[in-house]
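Coordinates as given in start-v3.pdb (PDB, C-alpha atoms):
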MODEL        1
ATOM      1  CA  MET Z   1    -123.565-116.426 -29.431
ATOM      2  CA  ARG Z   2    -127.207-115.758 -30.210
ATOM      3  CA  GLU Z   3    -127.661-112.927 -32.714
ATOM      4  CA  THR Z   4    -129.681-109.923 -31.583
ATOM      5  CA  CYS Z   5    -131.075-106.825 -33.187
ATOM      6  CA  THR Z   6    -129.425-103.581 -32.278
ATOM      7  CA  SER Z   7    -128.943-100.235 -33.918
ATOM      8  CA  GLY Z   8    -126.223 -98.039 -35.250
ATOM      9  CA  PRO Z   9    -125.471 -95.670 -38.094
ATOM     10  CA  VAL Z  10    -124.965 -97.484 -41.388
ATOM     11  CA  ARG Z  11    -124.525 -96.272 -44.946
ATOM     12  CA  GLY Z  12    -127.389 -97.565 -47.054
ATOM     13  CA  GLU Z  13    -128.287 -98.258 -50.679
ATOM     14  CA  GLY Z  14    -128.864 -95.280 -52.867
ATOM     15  CA  GLY Z  15    -127.515 -91.785 -52.299
ATOM     16  CA  ASN Z  16    -128.323 -92.262 -48.679
ATOM     17  CA  ILE Z  17    -126.053 -90.835 -46.107
ATOM     18  CA  LEU Z  18    -126.077 -91.923 -42.496
ATOM     19  CA  THR Z  19    -128.682 -94.426 -41.522
ATOM     20  CA  TYR Z  20    -129.751 -96.531 -38.619
ATOM     21  CA  SER Z  21    -130.182-100.101 -39.730
ATOM     22  CA  ALA Z  22    -130.870-103.465 -38.174
ATOM     23  CA  LEU Z  23    -127.496-104.910 -37.297
ATOM     24  CA  ARG Z  24    -126.717-108.270 -35.833
ATOM     25  CA  THR Z  25    -123.960-108.556 -33.312
ATOM     26  CA  GLY Z  26    -121.799-111.639 -33.276
ATOM     27  CA  PRO Z  27    -118.717-112.834 -31.387
ATOM     28  CA  ARG Z  28    -116.105-110.227 -30.510
ATOM     29  CA  ALA Z  29    -113.634-109.761 -33.350
ATOM     30  CA  GLY Z  30    -109.901-110.227 -32.926
ATOM     31  CA  PRO Z  31    -107.326-107.531 -33.798
ATOM     32  CA  SER Z  32    -107.021-108.667 -37.417
ATOM     33  CA  GLY Z  33    -110.801-108.736 -37.850
ATOM     34  CA  THR Z  34    -111.135-105.267 -36.349
ATOM     35  CA  LEU Z  35    -108.442-103.863 -38.629
ATOM     36  CA  ALA Z  36    -110.087-105.482 -41.665
ATOM     37  CA  GLY Z  37    -113.455-104.097 -40.568
ATOM     38  CA  ILE Z  38    -112.078-100.573 -40.315
ATOM     39  CA  GLY Z  39    -110.477-100.900 -43.743
ATOM     40  CA  LEU Z  40    -113.696-102.169 -45.314
ATOM     41  CA  MET Z  41    -115.729 -99.396 -43.692
ATOM     42  CA  LEU Z  42    -113.357 -96.731 -45.008
ATOM     43  CA  THR Z  43    -113.419 -98.372 -48.449
ATOM     44  CA  GLY Z  44    -117.212 -98.556 -48.504
ATOM     45  CA  ILE Z  45    -117.625 -94.917 -47.493
ATOM     46  CA  ALA Z  46    -115.068 -93.825 -50.108
ATOM     47  CA  ILE Z  47    -116.940 -95.741 -52.835
ATOM     48  CA  PHE Z  48    -120.270 -94.293 -51.720
ATOM     49  CA  SER Z  49    -118.782 -90.796 -51.775
ATOM     50  CA  PHE Z  50    -117.347 -91.211 -55.290
ATOM     51  CA  ASN Z  51    -120.708 -92.614 -56.335
ATOM     52  CA  ASP Z  52    -122.521 -89.561 -54.984
ATOM     53  CA  ALA Z  53    -120.158 -87.302 -56.918
ATOM     54  CA  LEU Z  54    -120.715 -89.392 -60.066
ATOM     55  CA  GLY Z  55    -124.470 -89.081 -59.579
ATOM     56  CA  LYS Z  56    -124.266 -85.316 -59.223
ATOM     57  CA  TRP Z  57    -122.140 -85.118 -62.381
ATOM     58  CA  LEU Z  58    -124.591 -87.279 -64.371
ATOM     59  CA  LEU Z  59    -127.547 -85.179 -63.217
ATOM     60  CA  ALA Z  60    -126.205 -82.302 -65.293
ATOM     61  CA  ASP Z  61    -127.505 -84.171 -68.373
ATOM     62  CA  TYR Z  62    -130.063 -86.687 -67.109
ATOM     63  CA  SER Z  63    -133.152 -86.528 -64.923
ATOM     64  CA  VAL Z  64    -133.398 -88.021 -61.435
ATOM     65  CA  GLY Z  65    -135.927 -90.570 -62.717
ATOM     66  CA  GLU Z  66    -133.649 -91.760 -65.519
ATOM     67  CA  LEU Z  67    -130.669 -91.913 -63.166
ATOM     68  CA  LEU Z  68    -132.580 -94.052 -60.648
ATOM     69  CA  LEU Z  69    -134.096 -96.315 -63.313
ATOM     70  CA  ILE Z  70    -130.799 -97.331 -64.916
ATOM     71  CA  ARG Z  71    -128.854 -97.600 -61.662
ATOM     72  CA  SER Z  72    -131.584 -99.729 -60.080
ATOM     73  CA  VAL Z  73    -131.662-102.145 -63.025
ATOM     74  CA  ALA Z  74    -127.883-102.550 -62.815
ATOM     75  CA  ALA Z  75    -128.019-103.019 -59.028
ATOM     76  CA  LEU Z  76    -130.801-105.619 -59.259
ATOM     77  CA  ILE Z  77    -128.862-107.603 -61.865
ATOM     78  CA  LEU Z  78    -125.934-107.768 -59.452
ATOM     79  CA  LEU Z  79    -128.243-108.653 -56.553
ATOM     80  CA  ALA Z  80    -130.203-111.297 -58.515
ATOM     81  CA  PRO Z  81    -128.149-114.340 -57.366
ATOM     82  CA  PHE Z  82    -128.711-113.398 -53.717
ATOM     83  CA  VAL Z  83    -132.434-112.941 -54.321
ATOM     84  CA  ARG Z  84    -132.580-116.353 -55.996
ATOM     85  CA  ASN Z  85    -130.718-117.979 -53.093
ATOM     86  CA  ALA Z  86    -133.072-116.353 -50.587
ATOM     87  CA  GLY Z  87    -136.082-117.744 -52.434
ATOM     88  CA  ILE Z  88    -139.569-116.376 -52.869
ATOM     89  CA  THR Z  89    -140.533-117.562 -49.387
ATOM     90  CA  ALA Z  90    -138.182-115.019 -47.786
ATOM     91  CA  PHE Z  91    -140.240-112.268 -49.408
ATOM     92  CA  THR Z  92    -143.749-113.692 -49.003
ATOM     93  CA  SER Z  93    -143.154-114.597 -45.352
ATOM     94  CA  ALA Z  94    -141.468-111.307 -44.387
ATOM     95  CA  PRO Z  95    -142.973-109.999 -41.127
ATOM     96  CA  ARG Z  96    -145.358-107.027 -40.946
ATOM     97  CA  PRO Z  97    -146.057-106.608 -44.687
ATOM     98  CA  GLY Z  98    -147.761-103.223 -44.226
ATOM     99  CA  LEU Z  99    -144.656-101.811 -42.570
ATOM    100  CA  GLN Z 100    -142.488-103.378 -45.283
ATOM    101  CA  VAL Z 101    -144.455-101.459 -47.938
ATOM    102  CA  ALA Z 102    -144.230 -98.227 -45.959
ATOM    103  CA  ARG Z 103    -140.470 -98.682 -45.628
ATOM    104  CA  ILE Z 104    -139.829 -99.149 -49.340
ATOM    105  CA  ALA Z 105    -142.070 -96.163 -50.157
ATOM    106  CA  LEU Z 106    -140.041 -94.012 -47.751
ATOM    107  CA  SER Z 107    -136.861 -95.353 -49.347
ATOM    108  CA  ALA Z 108    -137.923 -94.277 -52.839
ATOM    109  CA  LEU Z 109    -138.935 -90.820 -51.607
ATOM    110  CA  GLU Z 110    -135.747 -90.103 -49.709
ATOM    111  CA  VAL Z 111    -133.419 -91.315 -52.474
ATOM    112  CA  ALA Z 112    -135.230 -89.188 -55.047
ATOM    113  CA  MET Z 113    -135.126 -86.160 -52.722
ATOM    114  CA  PHE Z 114    -131.418 -86.667 -52.074
ATOM    115  CA  PHE Z 115    -130.573 -86.574 -55.763
ATOM    116  CA  TRP Z 116    -132.944 -83.697 -56.473
ATOM    117  CA  ALA Z 117    -131.202 -81.743 -53.722
ATOM    118  CA  VAL Z 118    -127.675 -82.689 -54.786
ATOM    119  CA  SER Z 119    -128.391 -81.617 -58.371
ATOM    120  CA  TRP Z 120    -128.745 -78.033 -57.062
ATOM    121  CA  LEU Z 121    -126.728 -77.900 -53.847
ATOM    122  CA  PRO Z 122    -123.005 -78.436 -53.300
ATOM    123  CA  LEU Z 123    -122.256 -82.027 -52.372
ATOM    124  CA  ALA Z 124    -120.944 -81.090 -48.912
ATOM    125  CA  ASP Z 125    -124.133 -79.152 -48.091
ATOM    126  CA  THR Z 126    -126.416 -82.067 -48.962
ATOM    127  CA  VAL Z 127    -124.243 -84.534 -47.047
ATOM    128  CA  THR Z 128    -124.287 -82.232 -44.014
ATOM    129  CA  PHE Z 129    -128.085 -82.234 -43.899
ATOM    130  CA  TYR Z 130    -128.137 -86.032 -44.103
ATOM    131  CA  LEU Z 131    -125.556 -86.362 -41.339
ATOM    132  CA  ALA Z 132    -128.335 -85.351 -38.956
ATOM    133  CA  GLY Z 133    -130.122 -88.667 -39.564
ATOM    134  CA  PRO Z 134    -129.073 -90.279 -36.242
ATOM    135  CA  ILE Z 135    -130.290 -87.192 -34.390
ATOM    136  CA  TYR Z 136    -133.721 -87.378 -36.014
ATOM    137  CA  VAL Z 137    -133.876 -91.108 -35.331
ATOM    138  CA  THR Z 138    -133.260 -90.592 -31.608
ATOM    139  CA  ALA Z 139    -136.153 -88.126 -31.425
ATOM    140  CA  LEU Z 140    -138.469 -90.267 -33.574
ATOM    141  CA  SER Z 141    -137.713 -93.410 -31.590
ATOM    142  CA  VAL Z 142    -139.377 -91.884 -28.544
ATOM    143  CA  VAL Z 143    -142.621 -91.371 -30.473
ATOM    144  CA  LEU Z 144    -142.649 -94.415 -32.759
ATOM    145  CA  LEU Z 145    -140.816 -97.022 -30.696
ATOM    146  CA  GLY Z 146    -141.591 -95.893 -27.168
ATOM    147  CA  GLU Z 147    -137.896 -95.686 -26.288
ATOM    148  CA  ARG Z 148    -136.918 -93.708 -23.220
ATOM    149  CA  VAL Z 149    -134.277 -91.013 -23.706
ATOM    150  CA  GLY Z 150    -132.749 -89.106 -20.826
ATOM    151  CA  LEU Z 151    -131.584 -85.530 -20.389
ATOM    152  CA  ARG Z 152    -128.071 -85.914 -21.770
ATOM    153  CA  ARG Z 153    -129.176 -87.554 -25.008
ATOM    154  CA  TRP Z 154    -131.970 -84.987 -25.461
ATOM    155  CA  THR Z 155    -129.327 -82.293 -25.005
ATOM    156  CA  ALA Z 156    -127.251 -83.923 -27.750
ATOM    157  CA  VAL Z 157    -130.344 -83.958 -30.000
ATOM    158  CA  LEU Z 158    -130.910 -80.228 -29.443
ATOM    159  CA  VAL Z 159    -127.240 -79.473 -30.081
ATOM    160  CA  GLY Z 160    -127.447 -81.476 -33.317
ATOM    161  CA  PHE Z 161    -130.509 -79.512 -34.432
ATOM    162  CA  ALA Z 162    -128.572 -76.323 -33.735
ATOM    163  CA  GLY Z 163    -125.870 -77.622 -36.077
ATOM    164  CA  VAL Z 164    -128.488 -78.166 -38.796
ATOM    165  CA  VAL Z 165    -129.766 -74.603 -38.400
ATOM    166  CA  LEU Z 166    -126.209 -73.270 -38.531
ATOM    167  CA  ALA Z 167    -125.490 -75.262 -41.713
ATOM    168  CA  LEU Z 168    -128.618 -73.731 -43.250
ATOM    169  CA  ARG Z 169    -127.090 -70.318 -42.482
ATOM    170  CA  PRO Z 170    -128.906 -68.062 -40.039
ATOM    171  CA  SER Z 171    -131.047 -66.040 -42.443
ATOM    172  CA  ALA Z 172    -134.495 -66.422 -43.969
ATOM    173  CA  ALA Z 173    -133.008 -66.217 -47.472
ATOM    174  CA  SER Z 174    -131.041 -69.417 -46.847
ATOM    175  CA  PHE Z 175    -134.187 -71.577 -46.697
ATOM    176  CA  THR Z 176    -134.161 -72.335 -50.415
ATOM    177  CA  LEU Z 177    -136.247 -75.057 -52.034
ATOM    178  CA  PRO Z 178    -133.229 -77.389 -52.573
ATOM    179  CA  ALA Z 179    -132.242 -77.006 -48.909
ATOM    180  CA  LEU Z 180    -135.787 -77.770 -47.783
ATOM    181  CA  ILE Z 181    -135.867 -80.809 -50.108
ATOM    182  CA  ALA Z 182    -132.611 -82.053 -48.552
ATOM    183  CA  LEU Z 183    -134.019 -81.556 -45.059
ATOM    184  CA  GLY Z 184    -137.241 -83.323 -46.014
ATOM    185  CA  GLY Z 185    -135.292 -86.199 -47.555
ATOM    186  CA  SER Z 186    -133.161 -86.601 -44.441
ATOM    187  CA  PHE Z 187    -136.329 -86.688 -42.325
ATOM    188  CA  PHE Z 188    -137.943 -89.358 -44.536
ATOM    189  CA  PHE Z 189    -134.660 -91.244 -44.387
ATOM    190  CA  SER Z 190    -134.770 -91.185 -40.591
ATOM    191  CA  VAL Z 191    -138.361 -92.441 -40.501
ATOM    192  CA  MET Z 192    -137.292 -95.260 -42.808
ATOM    193  CA  MET Z 193    -134.481 -96.153 -40.413
ATOM    194  CA  VAL Z 194    -136.899 -96.335 -37.495
ATOM    195  CA  THR Z 195    -139.105 -98.712 -39.502
ATOM    196  CA  THR Z 196    -135.975-100.746 -40.257
ATOM    197  CA  ARG Z 197    -135.411-101.113 -36.516
ATOM    198  CA  MET Z 198    -138.962-102.422 -36.259
ATOM    199  CA  LEU Z 199    -138.226-104.953 -39.030
ATOM    200  CA  CYS Z 200    -134.863-106.105 -37.715
ATOM    201  CA  GLU Z 201    -135.796-109.786 -38.071
ATOM    202  CA  THR Z 202    -136.253-109.393 -41.833
ATOM    203  CA  ALA Z 203    -133.511-110.933 -43.987
ATOM    204  CA  ASP Z 204    -130.911-108.471 -45.278
ATOM    205  CA  THR Z 205    -131.537-109.510 -48.891
ATOM    206  CA  VAL Z 206    -135.246-108.738 -48.523
ATOM    207  CA  LEU Z 207    -134.535-105.296 -47.037
ATOM    208  CA  ILE Z 208    -131.983-104.359 -49.714
ATOM    209  CA  ALA Z 209    -134.018-105.755 -52.615
ATOM    210  CA  GLY Z 210    -137.061-103.844 -51.385
ATOM    211  CA  GLN Z 211    -135.141-100.577 -51.383
ATOM    212  CA  ILE Z 212    -133.696-101.125 -54.852
ATOM    213  CA  GLY Z 213    -137.064-102.277 -56.183
ATOM    214  CA  ALA Z 214    -138.694 -99.123 -54.838
ATOM    215  CA  THR Z 215    -136.215 -96.859 -56.610
ATOM    216  CA  LEU Z 216    -136.650 -98.924 -59.782
ATOM    217  CA  LEU Z 217    -140.424 -98.392 -59.672
ATOM    218  CA  PHE Z 218    -140.015 -94.686 -59.015
ATOM    219  CA  GLY Z 219    -137.529 -94.384 -61.864
ATOM    220  CA  ALA Z 220    -139.817 -96.262 -64.257
ATOM    221  CA  VAL Z 221    -142.633 -93.812 -63.531
ATOM    222  CA  ALA Z 222    -140.526 -90.634 -63.560
ATOM    223  CA  ALA Z 223    -137.961 -91.432 -66.282
ATOM    224  CA  PRO Z 224    -140.246 -90.829 -69.310
ATOM    225  CA  PHE Z 225    -140.579 -87.192 -68.244
ATOM    226  CA  GLY Z 226    -137.460 -85.538 -69.612
ATOM    227  CA  TRP Z 227    -135.900 -88.734 -70.962
ATOM    228  CA  VAL Z 228    -132.579 -88.220 -72.752
ATOM    229  CA  THR Z 229    -131.171 -91.233 -74.576
ATOM    230  CA  PRO Z 230    -127.688 -91.709 -73.094
ATOM    231  CA  SER Z 231    -124.592 -92.331 -75.117
ATOM    232  CA  TRP Z 232    -122.921 -95.697 -74.629
ATOM    233  CA  ARG Z 233    -120.334 -94.067 -72.383
ATOM    234  CA  ASP Z 234    -122.959 -92.448 -70.194
ATOM    235  CA  PHE Z 235    -125.063 -95.608 -70.156
ATOM    236  CA  LEU Z 236    -122.066 -97.505 -68.798
ATOM    237  CA  LEU Z 237    -121.493 -94.778 -66.199
ATOM    238  CA  LEU Z 238    -125.149 -94.882 -65.161
ATOM    239  CA  SER Z 239    -124.907 -98.664 -64.833
ATOM    240  CA  LEU Z 240    -121.625 -98.384 -62.933
ATOM    241  CA  PHE Z 241    -123.448 -96.046 -60.582
ATOM    242  CA  GLY Z 242    -125.750 -98.897 -59.547
ATOM    243  CA  VAL Z 243    -123.011-101.535 -59.361
ATOM    244  CA  LEU Z 244    -120.827 -99.379 -57.110
ATOM    245  CA  SER Z 245    -123.678 -98.823 -54.658
ATOM    246  CA  ILE Z 246    -124.020-102.580 -54.117
ATOM    247  CA  ILE Z 247    -120.242-103.043 -53.773
ATOM    248  CA  ALA Z 248    -120.061-100.230 -51.223
ATOM    249  CA  LEU Z 249    -122.982-101.633 -49.261
ATOM    250  CA  ALA Z 250    -121.304-105.051 -49.230
ATOM    251  CA  CYS Z 251    -118.138-103.456 -47.795
ATOM    252  CA  VAL Z 252    -120.091-101.740 -45.018
ATOM    253  CA  ASN Z 253    -122.082-104.863 -44.162
ATOM    254  CA  ARG Z 254    -118.932-106.983 -44.080
ATOM    255  CA  ALA Z 255    -117.175-104.414 -41.884
ATOM    256  CA  LEU Z 256    -119.999-104.694 -39.351
ATOM    257  CA  LYS Z 257    -119.640-108.475 -39.312
ATOM    258  CA  LEU Z 258    -115.874-108.397 -38.791
ATOM    259  CA  ALA Z 259    -115.629-105.701 -36.127
ATOM    260  CA  PRO Z 260    -117.811-104.209 -33.365
ATOM    261  CA  ALA Z 261    -120.172-101.480 -34.555
ATOM    262  CA  SER Z 262    -118.829 -99.150 -31.857
ATOM    263  CA  VAL Z 263    -115.385 -99.372 -33.512
ATOM    264  CA  VAL Z 264    -116.197 -99.074 -37.217
ATOM    265  CA  VAL Z 265    -119.337 -96.901 -37.313
ATOM    266  CA  PRO Z 266    -117.588 -93.604 -36.394
ATOM    267  CA  TYR Z 267    -115.413 -93.943 -39.501
ATOM    268  CA  GLN Z 268    -118.516 -93.284 -41.603
ATOM    269  CA  TYR Z 269    -118.200 -89.604 -40.740
ATOM    270  CA  THR Z 270    -115.232 -89.499 -43.146
ATOM    271  CA  MET Z 271    -117.930 -88.994 -45.793
ATOM    272  CA  ILE Z 272    -117.922 -85.258 -45.070
ATOM    273  CA  ILE Z 273    -114.191 -85.156 -45.855
ATOM    274  CA  TRP Z 274    -114.838 -86.881 -49.176
ATOM    275  CA  ALA Z 275    -117.790 -84.601 -49.901
ATOM    276  CA  VAL Z 276    -115.726 -81.463 -49.340
ATOM    277  CA  ALA Z 277    -112.752 -82.785 -51.354
ATOM    278  CA  LEU Z 278    -114.770 -84.120 -54.292
ATOM    279  CA  GLY Z 279    -117.061 -81.103 -54.290
ATOM    280  CA  TYR Z 280    -114.048 -78.840 -54.686
ATOM    281  CA  LEU Z 281    -112.024 -80.976 -57.121
ATOM    282  CA  VAL Z 282    -114.894 -82.003 -59.417
ATOM    283  CA  PHE Z 283    -117.380 -79.130 -59.151
ATOM    284  CA  GLY Z 284    -115.321 -76.245 -57.776
ATOM    285  CA  ASP Z 285    -117.562 -75.965 -54.690
ATOM    286  CA  LEU Z 286    -115.937 -74.846 -51.463
ATOM    287  CA  PRO Z 287    -118.170 -75.043 -48.355
ATOM    288  CA  ASP Z 288    -118.466 -71.900 -46.277
ATOM    289  CA  VAL Z 289    -117.772 -71.589 -42.573
ATOM    290  CA  PHE Z 290    -121.452 -72.139 -41.674
ATOM    291  CA  THR Z 291    -121.564 -75.518 -43.430
ATOM    292  CA  LEU Z 292    -118.291 -76.680 -41.898
ATOM    293  CA  ALA Z 293    -119.214 -75.501 -38.402
ATOM    294  CA  GLY Z 294    -122.677 -77.053 -38.668
ATOM    295  CA  ALA Z 295    -121.200 -80.343 -39.882
ATOM    296  CA  ALA Z 296    -118.750 -80.407 -36.967
ATOM    297  CA  ILE Z 297    -121.566 -79.858 -34.442
ATOM    298  CA  ILE Z 298    -123.795 -82.487 -36.066
ATOM    299  CA  ILE Z 299    -120.969 -85.046 -36.112
ATOM    300  CA  ALA Z 300    -120.123 -84.394 -32.449
ATOM    301  CA  ALA Z 301    -123.775 -84.779 -31.415
ATOM    302  CA  GLY Z 302    -124.242 -87.892 -33.563
ATOM    303  CA  LEU Z 303    -121.136 -89.558 -32.156
ATOM    304  CA  TYR Z 304    -122.232 -88.803 -28.599
ATOM    305  CA  ILE Z 305    -125.686 -90.273 -29.218
ATOM    306  CA  PHE Z 306    -124.209 -93.383 -30.827
ATOM    307  CA  TRP Z 307    -121.588 -94.013 -28.161
ATOM    308  CA  ARG Z 308    -124.122 -93.318 -25.410
ATOM    309  CA  GLU Z 309    -126.514 -95.814 -26.960
ATOM    310  CA  GLN Z 310    -123.776 -98.436 -27.209
ATOM    311  CA  ALA Z 311    -122.754 -97.900 -23.585
ATOM    312  CA  GLN Z 312    -126.335 -98.072 -22.332
ATOM    313  CA  SER Z 313    -127.044-101.260 -24.296
ATOM    314  CA  ARG Z 314    -124.093-102.916 -22.538
ATOM    315  CA  HIS Z 315    -124.699-101.713 -19.002
ATOM    316  CA  LYS Z 316    -128.416-101.001 -18.572
ATOM    317  CA  PRO Z 317    -131.178-103.579 -18.169
ATOM    318  CA  ALA Z 318    -134.032-103.568 -20.679
ATOM    319  CA  GLY Z 319    -136.446-100.696 -20.160
ATOM    320  CA  ALA Z 320    -134.034 -98.638 -18.052
ATOM    321  CA  LEU Z 321    -133.875 -94.886 -18.559
ATOM    322  CA  HIS Z 322    -131.078 -93.808 -20.873
ATOM    323  CA  PRO Z 323    -129.567 -90.630 -19.413
TER     324      PRO Z 323
ENDMDL
END
Would you mind giving the structure from this file in structure tokens?
Amino acid sequence: MRETCTSGPVRGEGGNILTYSALRTGPRAGPSGTLAGIGLMLTGIAIFSFNDALGKWLLADYSVGELLLIRSVAALILLAPFVRNAGITAFTSAPRPGLQVARIALSALEVAMFFWAVSWLPLADTVTFYLAGPIYVTALSVVLLGERVGLRRWTAVLVGFAGVVLALRPSAASFTLPALIALGGSFFFSVMMVTTRMLCETADTVLIAGQIGATLLFGAVAAPFGWVTPSWRDFLLLSLFGVLSIIALACVNRALKLAPASVVVPYQYTMIIWAVALGYLVFGDLPDVFTLAGAAIIIAAGLYIFWREQAQSRHKPAGALHP
């Protein structure tokens, strides 16, 4: 079967929560492949969630710049063999170089904003804001990609935005700087995902290396401000932070190769369960009813948009209106 570019929520490199990435669909998986795909997706999301909690814990002693610098170096070391196998030509011949640069700049911004937000906010709150990524992407795709979205999907977008407002808590006092940073980061993240759709023919190694390289550059610039020399234990934890992100990403990517995206992608919403559990067990944070209700609404809207998109891609001809 010829591989094609499509879209679906995917967990990305860095503290990123839900993303839309360029996926490639292959032959239909058998029962064993589907089961393995589900298991790998659940494993990848669990590792990402533990990694986010580890990052939040490390930020009590180290700056965002230092955190990103060390984790990016460790991640690039692990990724180096794949970069070498891809060769320099894969990078120099990557399509639309201007858009490639814009994408990696957006990646560095959103990762930094995620960790700035999570250093102040409970883990579940920050994750909830990022869960709205697919909703933002649907709205942005109309403007940036010229996609046509019908009434039912626009309704889901509006319902998802209502969930975001509810998670913020319905009062002016709730619009704190960390919450606004998290919202801004999730928006930048969504713009980055739309650009990823536009670059879906770019090799996976090039896309991932670009994201890690961007965070490395940001960390190198920001780390000297507030640098704290880590102990050997903390240095190993900071390095582990980068290694785990690559392992988790590999699990998610492999899951999407073994099983249909429509089967495995919804399992990524288990991240909110991990965020609530780890937030309570590690940091003593218990989300309030507004956060939980907002997360439930956002998840419902995101799942509807995703499943609707999958159904339309199977049954509608190109350019048809998506109701």
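Ranking Z:Ala124, Z:Ala86, Z:Val164, Z:Ala117 by their shortest atom-to-atom distance to Tyr280 (chain Z), with all atoms listed in the file included, puts Z:Ala124 first.
Among the candidates Z:Leu123, Z:Ala223, Z:Leu158, Z:Ile208, the one nearest to Asn51 (chain Z) when counting all atoms listed in the file is Z:Leu123.
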Exercise for the section: May I have the protein, DNA and RNA residues with any atom at most 10 Å from the point (-128.8, -83.2, -45.0), counting all atoms listed in the file, written as a PyMOL selection string? Expected result: chain Z and resi 16-18+114+117-118+123-133+164+167-168+179-187+189+295
Handout entry: Residues returned when the PyMOL selection byres ((chain Z and resi 77) around 12) runs on this file, as an NGL selection string
Key = :Z and (70-76 or 78-84 or 209 or 212-213 or 216 or 239-240 or 242-243 or 246)
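A search radius of 9 Å centred on (-116.4, -77.3, -51.0), applied to all atoms listed in the file, returns the residues Z:Pro122, Z:Leu123, Z:Ala124, Z:Asp125, Z:Ala275, Z:Val276, Z:Ala277, Z:Leu278, Z:Gly279, Z:Tyr280, Z:Leu281, Z:Phe283, Z:Gly284, Z:Asp285, Z:Leu286, Z:Pro287, Z:Asp288.
Going from CA of Ser231 (chain Z) to CA of Leu69 (chain Z) covers 15.7 Å.
What separates CA of Phe115 (chain Z) from CA of Trp274 (chain Z) is a distance of 17.1 Å.
Using only C-alpha atoms, the smallest distance between any of Z:Ile88, Z:Leu207, Z:Val143, Z:Leu59 and Ser107 (chain Z) comes from Z:Leu207.
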Could you write out as JSON the box around region 263-275 of chain Z (axis-aligned, all atoms listed in the file, 4 Å on each side), with centre and edge lengths in Å to one decimal?
{"center_x": -116.8, "center_y": -92.0, "center_z": -41.7, "size_x": 13.1, "size_y": 22.8, "size_z": 24.4}
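Across the model, the gap from CA of Arg197 (chain Z) to CA of Ala248 (chain Z) is 21.3 Å.
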Problem - Selection result of the PyMOL selection byres ((chain Z and resi 267) around 8) on this file, as JSON, numbers by chain - result: {"Z": [38, 41, 42, 264, 265, 266, 268, 269, 270]}
Output C-alpha atoms of each residue in that selection to a file, as a PDB file, in the coordinates of the input.
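The result, stored in again_30.pdb:
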ATOM      1  CA  ILE Z  38    -112.078-100.573 -40.315  1.00  0.00           C
ATOM      2  CA  MET Z  41    -115.729 -99.396 -43.692  1.00  0.00           C
ATOM      3  CA  LEU Z  42    -113.357 -96.731 -45.008  1.00  0.00           C
ATOM      4  CA  VAL Z 264    -116.197 -99.074 -37.217  1.00  0.00           C
ATOM      5  CA  VAL Z 265    -119.337 -96.901 -37.313  1.00  0.00           C
ATOM      6  CA  PRO Z 266    -117.588 -93.604 -36.394  1.00  0.00           C
ATOM      7  CA  GLN Z 268    -118.516 -93.284 -41.603  1.00  0.00           C
ATOM      8  CA  TYR Z 269    -118.200 -89.604 -40.740  1.00  0.00           C
ATOM      9  CA  THR Z 270    -115.232 -89.499 -43.146  1.00  0.00           C
TER      10      THR Z 270
END
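When all atoms listed in the file are used to compute distances to Glu66 (chain Z), the closest of the residues Z:Ala94, Z:Val159, Z:Ala220, Z:Ile45 turns out to be Z:Ala220.
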Practice task
Mind checking which residues fall within 9 Å of Ala255 (chain Z), counting all atoms listed in the file, ignoring those fewer than 2 positions away in the same chain, and posting them as a PyMOL selection string?
Solution key: chain Z and resi 33-34+36-41+44+250-253+257-261+264
Problem - Pick from Z:Gln310, Z:Thr205, Z:Gly65, Z:Leu199 nearest to Leu99 (chain Z), counting only C-alpha atoms - result: Z:Leu199
Fill in the blank from the handout: Counting all atoms listed in the file, the residue among Z:Thr196, Z:Ala300, Z:Glu309, Z:Ile104 that lies closest to Arg148 (chain Z) is Z:Glu309
Can you fill out region 37-44 of chain Z with N, CA and C atoms and hand it back as a PDB file, in the frame of the given file?
ATOM      1  N   GLY Z  37    -112.166-104.784 -40.613  1.00  0.00           N
ATOM      2  CA  GLY Z  37    -113.455-104.097 -40.568  1.00  0.00           C
ATOM      3  C   GLY Z  37    -113.315-102.605 -40.782  1.00  0.00           C
ATOM      4  N   ILE Z  38    -112.319-102.005 -40.138  1.00  0.00           N
ATOM      5  CA  ILE Z  38    -112.078-100.573 -40.315  1.00  0.00           C
ATOM      6  C   ILE Z  38    -111.731-100.269 -41.766  1.00  0.00           C
ATOM      7  N   GLY Z  39    -110.859-101.101 -42.353  1.00  0.00           N
ATOM      8  CA  GLY Z  39    -110.477-100.900 -43.743  1.00  0.00           C
ATOM      9  C   GLY Z  39    -111.655-101.013 -44.693  1.00  0.00           C
ATOM     10  N   LEU Z  40    -112.521-101.989 -44.459  1.00  0.00           N
ATOM     11  CA  LEU Z  40    -113.696-102.169 -45.314  1.00  0.00           C
ATOM     12  C   LEU Z  40    -114.685-101.013 -45.135  1.00  0.00           C
ATOM     13  N   MET Z  41    -114.838-100.530 -43.906  1.00  0.00           N
ATOM     14  CA  MET Z  41    -115.729 -99.396 -43.692  1.00  0.00           C
ATOM     15  C   MET Z  41    -115.214 -98.161 -44.426  1.00  0.00           C
ATOM     16  N   LEU Z  42    -113.934 -97.875 -44.306  1.00  0.00           N
ATOM     17  CA  LEU Z  42    -113.357 -96.731 -45.008  1.00  0.00           C
ATOM     18  C   LEU Z  42    -113.487 -96.894 -46.520  1.00  0.00           C
ATOM     19  N   THR Z  43    -113.285 -98.119 -47.015  1.00  0.00           N
ATOM     20  CA  THR Z  43    -113.419 -98.372 -48.449  1.00  0.00           C
ATOM     21  C   THR Z  43    -114.856 -98.171 -48.904  1.00  0.00           C
ATOM     22  N   GLY Z  44    -115.807 -98.700 -48.141  1.00  0.00           N
ATOM     23  CA  GLY Z  44    -117.212 -98.556 -48.504  1.00  0.00           C
ATOM     24  C   GLY Z  44    -117.651 -97.107 -48.529  1.00  0.00           C
TER      25      GLY Z  44
END
